[in-house]
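K.L.:
This is run20.cif, which holds mmCIF, C-alpha atoms:
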```
data_upload
#
loop_
_atom_site.label_atom_id
_atom_site.label_comp_id
_atom_site.auth_asym_id
_atom_site.auth_seq_id
_atom_site.Cartn_x
_atom_site.Cartn_y
_atom_site.Cartn_z
CA ASN O 1 68.98 33.93 -96.98
CA ALA O 2 71.06 36.54 -98.80
CA GLY O 3 72.57 38.21 -95.69
CA VAL O 4 75.14 40.77 -96.86
CA THR O 5 75.69 41.06 -100.61
CA GLN O 6 78.68 42.86 -102.08
CA THR O 7 79.28 43.65 -105.71
CA PRO O 8 81.48 43.38 -107.66
CA LYS O 9 83.69 40.55 -106.41
CA PHE O 10 86.68 41.65 -108.47
CA GLN O 11 87.59 44.98 -110.03
CA VAL O 12 90.61 46.49 -111.74
CA LEU O 13 90.81 50.28 -111.95
CA LYS O 14 93.25 52.67 -113.46
CA THR O 15 94.74 55.37 -111.26
CA GLY O 16 92.39 58.33 -111.11
CA GLN O 17 89.22 56.44 -112.00
CA SER O 18 86.25 56.49 -109.67
CA MET O 19 83.88 53.69 -108.78
CA THR O 20 81.28 52.57 -106.26
CA LEU O 21 81.37 49.33 -104.32
CA GLN O 22 77.85 48.17 -103.55
CA CYS O 23 76.68 46.62 -100.28
CA ALA O 24 73.17 45.50 -99.40
CA GLN O 25 71.79 43.62 -96.40
CA ASP O 26 68.36 42.09 -95.83
CA MET O 27 68.51 41.60 -92.05
CA ASN O 28 67.17 45.04 -91.10
CA HIS O 29 70.41 45.80 -89.25
CA GLU O 30 71.00 49.36 -88.13
CA TYR O 31 74.81 49.14 -88.12
CA MET O 32 76.80 48.85 -91.34
CA SER O 33 80.54 49.22 -91.88
CA TRP O 34 83.20 49.11 -94.54
CA TYR O 35 86.63 47.60 -93.88
CA ARG O 36 89.73 47.09 -95.95
CA GLN O 37 92.01 44.12 -95.39
CA ASP O 38 95.66 44.18 -96.32
CA PRO O 39 98.27 41.49 -95.60
CA GLY O 40 99.42 41.64 -91.98
CA MET O 41 97.13 44.58 -91.20
CA GLY O 42 93.92 42.88 -90.15
CA LEU O 43 90.62 44.63 -90.85
CA ARG O 44 90.77 48.42 -90.77
CA LEU O 45 87.56 50.42 -90.50
CA ILE O 46 86.97 52.92 -93.32
CA HIS O 47 83.48 54.31 -92.61
CA TYR O 48 80.49 53.16 -90.63
CA SER O 49 76.83 53.97 -90.14
CA VAL O 50 74.52 53.53 -87.16
CA GLY O 51 71.35 54.07 -89.18
CA ALA O 52 69.87 55.60 -92.32
CA GLY O 53 71.14 59.14 -92.81
CA ILE O 54 73.97 58.76 -90.29
CA THR O 55 77.57 58.04 -91.25
CA ASP O 56 80.93 58.57 -89.59
CA GLN O 57 84.61 58.10 -90.33
CA GLY O 58 86.61 55.13 -89.19
CA GLU O 59 90.34 54.57 -88.98
CA VAL O 60 91.27 55.07 -92.65
CA PRO O 61 88.60 57.27 -94.33
CA ASN O 62 90.73 59.34 -96.73
CA GLY O 63 89.88 58.81 -100.40
CA TYR O 64 86.50 57.22 -99.67
CA ASN O 65 82.94 58.50 -99.35
CA VAL O 66 79.80 56.79 -98.10
CA SER O 67 76.10 57.53 -97.82
CA ARG O 68 73.22 55.70 -96.16
CA SER O 69 69.92 56.68 -97.72
CA THR O 70 68.18 53.41 -96.75
CA THR O 71 68.62 50.82 -94.00
CA GLU O 72 69.50 48.17 -96.60
CA ASP O 73 72.20 49.87 -98.69
CA PHE O 74 75.61 51.29 -97.82
CA PRO O 75 77.70 52.04 -100.93
CA LEU O 76 81.39 52.95 -100.75
CA ARG O 77 82.72 55.42 -103.32
CA LEU O 78 86.33 55.74 -104.38
CA LEU O 79 86.70 59.28 -105.62
CA SER O 80 90.01 59.04 -107.51
CA ALA O 81 91.57 55.60 -107.21
CA ALA O 82 95.21 55.29 -106.16
CA PRO O 83 97.48 52.22 -106.09
CA SER O 84 97.48 52.46 -102.27
CA GLN O 85 93.78 51.57 -102.39
CA THR O 86 94.55 48.13 -103.80
CA SER O 87 93.02 45.88 -101.17
CA VAL O 88 90.20 43.53 -100.29
CA TYR O 89 87.12 45.41 -99.13
CA PHE O 90 84.51 43.96 -96.79
CA CYS O 91 81.09 45.28 -95.91
CA ALA O 92 79.50 44.19 -92.64
CA SER O 93 76.19 44.68 -90.89
CA SER O 94 75.10 44.05 -87.33
CA SER O 95 72.37 44.82 -84.85
CA GLY O 96 74.88 46.58 -82.58
CA GLY O 97 75.71 45.86 -78.95
CA THR O 98 77.06 42.33 -78.64
CA GLY O 99 75.31 41.22 -81.83
CA ALA O 100 77.32 39.39 -84.47
CA ALA O 101 78.70 41.26 -87.45
CA PHE O 102 77.79 39.58 -90.72
CA PHE O 103 80.19 40.08 -93.60
CA GLY O 104 79.89 40.03 -97.33
CA GLN O 105 82.24 37.92 -99.43
CA GLY O 106 84.48 40.85 -100.19
CA THR O 107 85.59 42.85 -103.22
CA ARG O 108 89.14 42.39 -104.42
CA LEU O 109 90.20 45.72 -105.91
CA THR O 110 93.40 46.33 -107.86
CA VAL O 111 94.41 49.85 -108.88
CA VAL O 112 97.05 50.01 -111.58
CA THR M 1 89.94 53.40 -80.60
CA GLN M 2 90.92 50.49 -78.36
CA LEU M 3 94.04 48.67 -79.58
CA LEU M 4 93.74 44.88 -79.76
CA GLU M 5 97.00 42.92 -79.91
CA GLN M 6 96.93 39.33 -81.07
CA SER M 7 99.72 36.80 -80.63
CA PRO M 8 101.25 34.85 -82.15
CA GLN M 9 100.73 36.38 -85.57
CA PHE M 10 101.38 33.03 -87.28
CA LEU M 11 101.22 29.48 -85.97
CA SER M 12 101.76 26.21 -87.81
CA ILE M 13 101.08 22.88 -86.09
CA GLN M 14 100.55 19.22 -86.89
CA GLU M 15 97.10 17.67 -86.92
CA GLY M 16 96.19 16.40 -83.46
CA GLU M 17 98.25 18.96 -81.54
CA ASN M 18 96.79 21.61 -79.24
CA LEU M 19 97.24 25.35 -79.67
CA THR M 20 96.40 28.59 -77.88
CA VAL M 21 96.25 32.10 -79.32
CA TYR M 22 95.78 35.35 -77.46
CA CYS M 23 94.09 38.73 -77.70
CA ASN M 24 95.15 41.51 -75.33
CA SER M 25 94.44 45.17 -74.67
CA SER M 26 95.64 47.80 -72.22
CA SER M 27 92.01 48.84 -71.72
CA VAL M 28 89.02 46.96 -70.41
CA PHE M 29 86.84 45.26 -73.02
CA SER M 30 83.10 45.84 -72.75
CA SER M 31 82.74 42.56 -74.58
CA LEU M 32 84.90 40.58 -76.97
CA GLN M 33 84.12 38.61 -80.08
CA TRP M 34 86.17 35.96 -81.88
CA TYR M 35 85.77 35.44 -85.62
CA ARG M 36 87.31 32.96 -88.04
CA GLN M 37 88.09 33.86 -91.63
CA GLU M 38 88.83 31.32 -94.34
CA PRO M 39 90.59 32.25 -97.61
CA GLY M 40 88.36 34.17 -100.00
CA GLU M 41 85.59 34.61 -97.44
CA GLY M 42 84.48 37.18 -94.92
CA PRO M 43 84.95 36.59 -91.18
CA VAL M 44 82.33 34.51 -89.37
CA LEU M 45 81.48 34.96 -85.69
CA LEU M 46 82.53 32.09 -83.40
CA VAL M 47 81.67 33.45 -79.95
CA THR M 48 80.98 36.54 -77.85
CA VAL M 49 82.27 36.80 -74.27
CA VAL M 50 80.97 39.44 -71.92
CA THR M 51 81.68 38.55 -68.28
CA GLY M 52 85.16 38.52 -66.72
CA GLY M 53 86.34 34.93 -66.17
CA GLU M 54 83.81 33.56 -68.63
CA VAL M 55 84.64 30.34 -70.45
CA LYS M 56 82.75 29.20 -73.54
CA LYS M 57 83.21 26.01 -75.51
CA LEU M 58 82.43 25.39 -79.16
CA LYS M 59 83.24 21.73 -79.91
CA ARG M 60 87.07 21.57 -79.69
CA LEU M 61 87.45 25.34 -79.27
CA THR M 62 87.58 26.87 -75.78
CA PHE M 63 87.35 30.63 -75.34
CA GLN M 64 88.34 32.34 -72.11
CA PHE M 65 87.79 35.94 -71.05
CA GLY M 66 90.25 37.27 -68.49
CA ASP M 67 89.02 38.18 -65.03
CA ALA M 68 89.94 41.82 -65.61
CA ARG M 69 88.37 41.77 -69.10
CA LYS M 70 91.62 42.95 -70.70
CA ASP M 71 92.58 39.69 -72.37
CA SER M 72 91.13 36.62 -74.00
CA SER M 73 92.43 33.32 -75.27
CA LEU M 74 91.30 30.72 -77.77
CA HIS M 75 92.44 27.13 -77.20
CA ILE M 76 91.99 24.44 -79.84
CA THR M 77 92.22 20.82 -78.73
CA ALA M 78 93.39 18.16 -81.19
CA ALA M 79 93.55 20.56 -84.11
CA GLN M 80 92.29 19.43 -87.49
CA PRO M 81 93.05 20.77 -90.99
CA GLY M 82 89.56 22.30 -91.03
CA ASP M 83 90.67 24.60 -88.18
CA THR M 84 93.06 26.36 -90.56
CA GLY M 85 92.19 30.02 -90.88
CA LEU M 86 92.69 33.54 -89.62
CA TYR M 87 91.30 34.04 -86.11
CA LEU M 88 90.31 37.61 -85.33
CA CYS M 89 89.29 39.16 -82.05
CA ALA M 90 87.06 42.23 -82.09
CA ASN M 91 85.66 44.76 -79.65
CA ARG M 92 82.83 47.24 -80.05
CA GLY M 93 83.27 50.72 -78.63
CA ASN M 94 81.73 54.06 -79.60
CA ASN M 95 79.58 52.26 -82.21
CA ARG M 96 82.72 50.97 -83.95
CA LEU M 97 83.70 47.29 -84.21
CA ALA M 98 87.51 47.21 -84.12
CA PHE M 99 89.59 44.14 -84.99
CA GLY M 100 93.02 42.90 -84.06
CA LYS M 101 95.45 41.91 -86.81
CA GLY M 102 94.62 38.24 -86.37
CA ASN M 103 96.24 34.90 -85.61
CA GLN M 104 96.96 32.93 -88.78
CA VAL M 105 96.69 29.23 -87.91
CA VAL M 106 97.78 26.46 -90.26
CA VAL M 107 97.09 22.84 -89.34
CA ILE M 108 99.19 20.39 -91.32
CA PRO M 109 97.63 16.98 -92.06
#
```
Kindly transcribe the structure held in the file into C-alpha coordinates.

P.N.:
Amino acid sequence: NAGVTQTPKFQVLKTGQSMTLQCAQDMNHEYMSWYRQDPGMGLRLIHYSVGAGITDQGEVPNGYNVSRSTTEDFPLRLLSAAPSQTSVYFCASSSGGTGAAFFGQGTRLTVV
Amino acid sequence: TQLLEQSPQFLSIQEGENLTVYCNSSSVFSSLQWYRQEPGEGPVLLVTVVTGGEVKKLKRLTFQFGDARKDSSLHITAAQPGDTGLYLCANRGNNRLAFGKGNQVVVIP
(Lines of atoms letter the chains of each structure in order from A and count residues from 1; the text may use other names and numbers.)
(Lines give C-alpha, C1' and ligand atoms only; values in the text may rest on other atoms or scores of the structure.)
Protein backbone atom coordinates (compact mmCIF):
# COMPACT_ATOMS: atom_id res chain seq x y z
CA ASN A 1 0.00 0.00 0.00
CA ALA A 2 2.70 2.51 -0.94
CA GLY A 3 0.42 5.01 -2.76
CA VAL A 4 2.52 8.07 -3.66
CA THR A 5 6.15 8.04 -2.57
CA GLN A 6 8.29 11.17 -2.57
CA THR A 7 12.00 11.38 -1.93
CA PRO A 8 13.83 12.98 -0.27
CA LYS A 9 11.78 14.26 2.67
CA PHE A 10 14.23 17.04 3.47
CA GLN A 11 16.87 18.77 1.38
CA VAL A 12 19.14 21.79 1.73
CA LEU A 13 20.64 23.24 -1.44
CA LYS A 14 22.99 26.06 -2.15
CA THR A 15 21.91 28.75 -4.60
CA GLY A 16 22.69 27.62 -8.13
CA GLN A 17 22.73 23.89 -7.41
CA SER A 18 20.43 21.56 -9.30
CA MET A 19 18.52 18.56 -8.02
CA THR A 20 15.66 16.20 -8.80
CA LEU A 21 12.73 15.50 -6.52
CA GLN A 22 11.45 11.99 -7.08
CA CYS A 23 7.80 10.93 -7.15
CA ALA A 24 6.43 7.45 -7.79
CA GLN A 25 2.91 6.04 -7.57
CA ASP A 26 1.70 2.45 -7.72
CA MET A 27 -2.01 3.05 -8.36
CA ASN A 28 -1.78 3.16 -12.17
CA HIS A 29 -3.11 6.73 -12.15
CA GLU A 30 -2.91 8.70 -15.38
CA TYR A 31 -2.83 12.13 -13.74
CA MET A 32 0.19 13.33 -11.76
CA SER A 33 0.98 16.81 -10.49
CA TRP A 34 3.56 18.78 -8.57
CA TYR A 35 2.58 21.54 -6.15
CA ARG A 36 4.49 23.87 -3.89
CA GLN A 37 3.05 25.04 -0.60
CA ASP A 38 4.11 28.28 1.03
CA PRO A 39 2.62 29.88 4.16
CA GLY A 40 -0.67 31.62 3.37
CA MET A 41 -0.50 30.65 -0.31
CA GLY A 42 -2.21 27.27 -0.36
CA LEU A 43 -1.10 24.72 -2.94
CA ARG A 44 0.13 26.17 -6.22
CA LEU A 45 0.42 23.95 -9.27
CA ILE A 46 3.89 23.78 -10.83
CA HIS A 47 3.56 21.16 -13.59
CA TYR A 48 1.16 18.34 -14.33
CA SER A 49 0.82 15.32 -16.58
CA VAL A 50 -2.23 13.54 -17.98
CA GLY A 51 -0.30 10.47 -19.05
CA ALA A 52 3.11 9.09 -20.00
CA GLY A 53 4.84 11.39 -22.47
CA ILE A 54 2.47 14.31 -21.81
CA THR A 55 3.28 17.22 -19.51
CA ASP A 56 2.07 20.79 -19.20
CA GLN A 57 2.76 23.90 -17.16
CA GLY A 58 0.76 24.91 -14.15
CA GLU A 59 0.54 28.20 -12.30
CA VAL A 60 4.20 28.61 -11.27
CA PRO A 61 6.41 26.61 -13.70
CA ASN A 62 9.47 28.89 -13.98
CA GLY A 63 12.69 27.29 -12.73
CA TYR A 64 11.30 23.75 -12.85
CA ASN A 65 11.29 20.96 -15.43
CA VAL A 66 9.39 17.68 -15.51
CA SER A 67 9.21 14.57 -17.65
CA ARG A 68 6.89 11.56 -17.65
CA SER A 69 8.54 8.58 -19.30
CA THR A 70 6.44 6.02 -17.40
CA THR A 71 2.99 6.00 -15.80
CA GLU A 72 4.56 5.45 -12.36
CA ASP A 73 7.22 8.18 -12.18
CA PHE A 74 7.05 11.96 -12.39
CA PRO A 75 10.32 13.62 -11.31
CA LEU A 76 10.63 17.37 -10.75
CA ARG A 77 13.95 19.02 -11.63
CA LEU A 78 15.21 22.28 -10.20
CA LEU A 79 17.61 23.62 -12.78
CA SER A 80 19.44 26.27 -10.74
CA ALA A 81 18.05 26.59 -7.23
CA ALA A 82 17.13 30.02 -5.89
CA PRO A 83 16.11 31.07 -2.35
CA SER A 84 12.61 31.80 -3.72
CA GLN A 85 12.24 28.06 -4.32
CA THR A 86 12.43 27.35 -0.60
CA SER A 87 9.11 25.61 -0.01
CA VAL A 88 7.35 22.34 0.71
CA TYR A 89 6.78 20.34 -2.46
CA PHE A 90 3.97 17.83 -2.90
CA CYS A 91 3.44 15.28 -5.62
CA ALA A 92 -0.08 13.99 -6.26
CA SER A 93 -1.70 11.40 -8.48
CA SER A 94 -5.31 10.79 -9.42
CA SER A 95 -7.49 8.95 -11.88
CA GLY A 96 -8.89 12.27 -13.15
CA GLY A 97 -12.51 13.40 -13.29
CA THR A 98 -13.95 13.49 -9.78
CA GLY A 99 -11.42 10.94 -8.52
CA ALA A 100 -9.49 11.71 -5.36
CA ALA A 101 -5.99 13.13 -5.57
CA PHE A 102 -3.53 11.15 -3.46
CA PHE A 103 -0.55 13.05 -2.11
CA GLY A 104 2.92 12.12 -1.06
CA GLN A 105 4.26 13.21 2.31
CA GLY A 106 6.09 16.16 0.84
CA THR A 107 9.67 17.35 0.43
CA ARG A 108 10.80 20.26 2.54
CA LEU A 109 13.38 22.14 0.49
CA THR A 110 15.57 24.96 1.76
CA VAL A 111 17.77 26.94 -0.62
CA VAL A 112 20.49 28.98 1.06
CA THR B 1 -7.74 28.86 -13.95
CA GLN B 2 -10.79 29.13 -11.71
CA LEU B 3 -10.13 31.18 -8.56
CA LEU B 4 -11.29 29.57 -5.31
CA GLU B 5 -11.67 31.87 -2.31
CA GLN B 6 -11.82 30.37 1.16
CA SER B 7 -12.97 32.16 4.30
CA PRO B 8 -12.15 32.64 7.04
CA GLN B 9 -8.44 32.11 6.53
CA PHE B 10 -7.95 31.26 10.23
CA LEU B 11 -10.41 30.11 12.88
CA SER B 12 -9.78 29.17 16.49
CA ILE B 13 -12.56 27.69 18.62
CA GLN B 14 -13.09 25.80 21.86
CA GLU B 15 -13.75 22.08 21.91
CA GLY B 16 -17.48 21.39 21.62
CA GLU B 17 -18.30 24.50 19.59
CA ASN B 18 -19.62 24.45 16.03
CA LEU B 19 -17.91 26.08 13.06
CA THR B 20 -18.51 26.73 9.38
CA VAL B 21 -15.97 27.55 6.68
CA TYR B 22 -16.62 28.57 3.10
CA CYS B 23 -15.31 28.13 -0.43
CA ASN B 24 -16.53 30.47 -3.16
CA SER B 25 -15.92 31.18 -6.83
CA SER B 26 -17.26 33.62 -9.41
CA SER B 27 -17.54 30.71 -11.85
CA VAL B 28 -19.55 27.52 -11.75
CA PHE B 29 -17.79 24.48 -10.31
CA SER B 30 -18.00 21.28 -12.32
CA SER B 31 -17.44 19.50 -9.04
CA LEU B 32 -15.77 20.40 -5.76
CA GLN B 33 -13.57 18.47 -3.41
CA TRP B 34 -12.69 19.15 0.24
CA TYR B 35 -9.38 17.97 1.66
CA ARG B 36 -7.89 18.12 5.15
CA GLN B 37 -4.18 18.53 5.74
CA GLU B 38 -2.48 17.88 9.06
CA PRO B 39 0.99 19.27 9.90
CA GLY B 40 3.79 17.47 8.09
CA GLU B 41 1.41 15.50 5.88
CA GLY B 42 -0.12 15.79 2.45
CA PRO B 43 -3.81 16.65 2.01
CA VAL B 44 -6.34 13.83 2.29
CA LEU B 45 -9.67 13.82 0.47
CA LEU B 46 -12.76 14.19 2.69
CA VAL B 47 -15.57 14.46 0.13
CA THR B 48 -16.51 15.24 -3.47
CA VAL B 49 -19.72 17.13 -4.28
CA VAL B 50 -21.08 17.24 -7.80
CA THR B 51 -24.77 18.21 -7.84
CA GLY B 52 -26.08 21.68 -6.96
CA GLY B 53 -27.78 21.63 -3.53
CA GLU B 54 -26.05 18.40 -2.57
CA VAL B 55 -25.41 17.75 1.12
CA LYS B 56 -23.00 15.08 2.32
CA LYS B 57 -22.22 14.07 5.88
CA LEU B 58 -19.04 12.51 7.23
CA LYS B 59 -19.55 11.87 10.96
CA ARG B 60 -19.65 15.39 12.49
CA LEU B 61 -18.73 17.11 9.21
CA THR B 62 -21.48 18.36 6.88
CA PHE B 63 -20.61 19.51 3.38
CA GLN B 64 -23.00 21.56 1.28
CA PHE B 65 -22.78 22.48 -2.39
CA GLY B 66 -24.62 25.65 -3.39
CA ASP B 67 -27.62 25.42 -5.69
CA ALA B 68 -25.78 27.42 -8.36
CA ARG B 69 -22.59 25.36 -7.85
CA LYS B 70 -20.54 28.49 -7.16
CA ASP B 71 -20.05 27.97 -3.44
CA SER B 72 -19.64 25.29 -0.82
CA SER B 73 -19.53 25.14 2.94
CA LEU B 74 -18.12 22.78 5.54
CA HIS B 75 -19.83 22.69 8.93
CA ILE B 76 -18.30 20.90 11.91
CA THR B 77 -20.58 20.05 14.82
CA ALA B 78 -19.13 19.80 18.34
CA ALA B 79 -15.55 20.27 17.18
CA GLN B 80 -12.83 18.15 18.71
CA PRO B 81 -9.05 18.71 18.87
CA GLY B 82 -8.65 16.02 16.22
CA ASP B 83 -10.48 18.32 13.78
CA THR B 84 -7.54 20.72 13.87
CA GLY B 85 -6.02 21.13 10.44
CA LEU B 86 -5.97 23.02 7.17
CA TYR B 87 -9.15 22.51 5.15
CA LEU B 88 -8.70 22.95 1.42
CA CYS B 89 -11.29 23.10 -1.32
CA ALA B 90 -10.31 22.09 -4.84
CA ASN B 91 -11.79 22.09 -8.32
CA ARG B 92 -10.68 20.27 -11.45
CA GLY B 93 -10.81 22.11 -14.75
CA ASN B 94 -8.82 21.67 -17.97
CA ASN B 95 -7.09 18.62 -16.42
CA ARG B 96 -5.76 20.78 -13.57
CA LEU B 97 -6.73 20.37 -9.91
CA ALA B 98 -6.67 23.88 -8.41
CA PHE B 99 -6.81 24.59 -4.67
CA GLY B 100 -7.96 27.49 -2.56
CA LYS B 101 -5.61 28.92 0.07
CA GLY B 102 -7.32 26.97 2.82
CA ASN B 103 -9.11 27.44 6.13
CA GLN B 104 -6.78 26.89 9.08
CA VAL B 105 -8.88 25.51 11.95
CA VAL B 106 -7.57 25.17 15.49
CA VAL B 107 -9.71 23.44 18.12
CA ILE B 108 -8.59 24.20 21.66
CA PRO B 109 -9.15 21.45 24.26

K.L.:
Using all atoms listed in the file for the distances, tell me which of M:Gln64, M:Ser27, M:Ser73, M:Asn91 is nearest to chain O.

P.N.:
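Of M:Gln64, M:Ser27, M:Ser73, M:Asn91, the one nearest chain O, counting all atoms listed in the file, is M:Asn91.
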
K.L.:
Translate the PyMOL selection byres ((chain M) within 6 of (chain O)) into a concrete residue list for this structure, as a list in words.

P.N.:
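The output of the PyMOL selection byres ((chain M) within 6 of (chain O)) on this file is Glu41, Gly42, Phe99 and Lys101 of chain M.
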
K.L.:
Just give me the gap between CA of Glu54 (chain M) and CA of Tyr22 (chain M) in Å, one decimal is fine.

P.N.:
15.0 Å

K.L.:
Just so the selection is clear, what residues does the PyMOL selection byres ((chain M and resi 34) around 6) cover here, as a PyMOL selection string?

P.N.:
chain M and resi 33+35+46-47+88-89

K.L.:
Tell me, in Å to one decimal, how far CA of Gly66 (chain M) is from CA of Leu97 (chain M).

P.N.:
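According to the coordinates, CA of Gly66 (chain M) and CA of Leu97 (chain M) are separated by 19.8 Å.
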
K.L.:
Work out how far apart CA of Glu15 (chain M) and CA of Ala78 (chain M) are and give it in Å to one decimal.

P.N.:
6.8 Å

K.L.:
Given the PyMOL selection byres ((chain M and resi 29) around 7) and the file above, list the residues it selects as a list in words.

P.N.:
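With the shown file as input, the PyMOL selection byres ((chain M and resi 29) around 7) matches Ser27, Val28, Ser30, Ser31, Leu32, Arg69, Lys70 and Asn91 of chain M.
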
K.L.:
Taking the point (75.7, 52.5, -97.9) as given in the file, collect each protein or nucleic acid residue that comes within 8 Å of it, counting only C-alpha atoms, and present the set as a list of chain:residue names.

P.N.:
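The distance filter leaves exactly O:Gln22, O:Cys23, O:Ala24, O:Met32, O:Ser49, O:Val66, O:Ser67, O:Arg68, O:Ser69, O:Thr70, O:Glu72, O:Asp73, O:Phe74, O:Pro75, O:Leu76.
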
K.L.:
Calculated over all atoms listed in the file, which of the candidates M:Leu61, M:Ile76, M:Ile13, M:Leu45 has the smallest distance to Ile108 (chain M)?

P.N.:
M:Ile13

K.L.:
Neighbours of region 16-18 of chain M within 9 Å (only C-alpha atoms; same-chain residues fewer than 2 positions away dropped), as a list in words?

P.N.:
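What passes the distance filter is Ile13, Gln14, Thr20, His75, Ile76, Thr77, Ala78, Ala79, Gln80, Val107 and Pro109 of chain M.
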
K.L.:
Take the selection from the previous step and output its residues with C-alpha atoms, as a tab-separated table (two decimals), keeping the file's coordinate frame.

P.N.:
```tsv
chain	number	residue	atom	x	y	z
M	13	ILE	CA	101.08	22.88	-86.09
M	14	GLN	CA	100.55	19.22	-86.89
M	20	THR	CA	96.40	28.59	-77.88
M	75	HIS	CA	92.44	27.13	-77.20
M	76	ILE	CA	91.99	24.44	-79.84
M	77	THR	CA	92.22	20.82	-78.73
M	78	ALA	CA	93.39	18.16	-81.19
M	79	ALA	CA	93.55	20.56	-84.11
M	80	GLN	CA	92.29	19.43	-87.49
M	107	VAL	CA	97.09	22.84	-89.34
M	109	PRO	CA	97.63	16.98	-92.06
```

K.L.:
With a distance cut-off of 7 Å and only C-alpha atoms, select the neighbouring residues of Asp71 (chain M), excluding the residue or stretch itself and same-chain residues fewer than 4 positions from it, and output the selection as JSON, numbers by chain.

P.N.:
{"M": [23, 24, 25, 65, 66]}

K.L.:
In terms of the shortest atom-to-atom distance over all atoms listed in the file, which of M:Gly82, M:Ala90, M:Thr62, M:Ser12 is closest to Val106 (chain M)?

P.N.:
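That would be M:Ser12, the residue with the smallest distance to Val106 (chain M).
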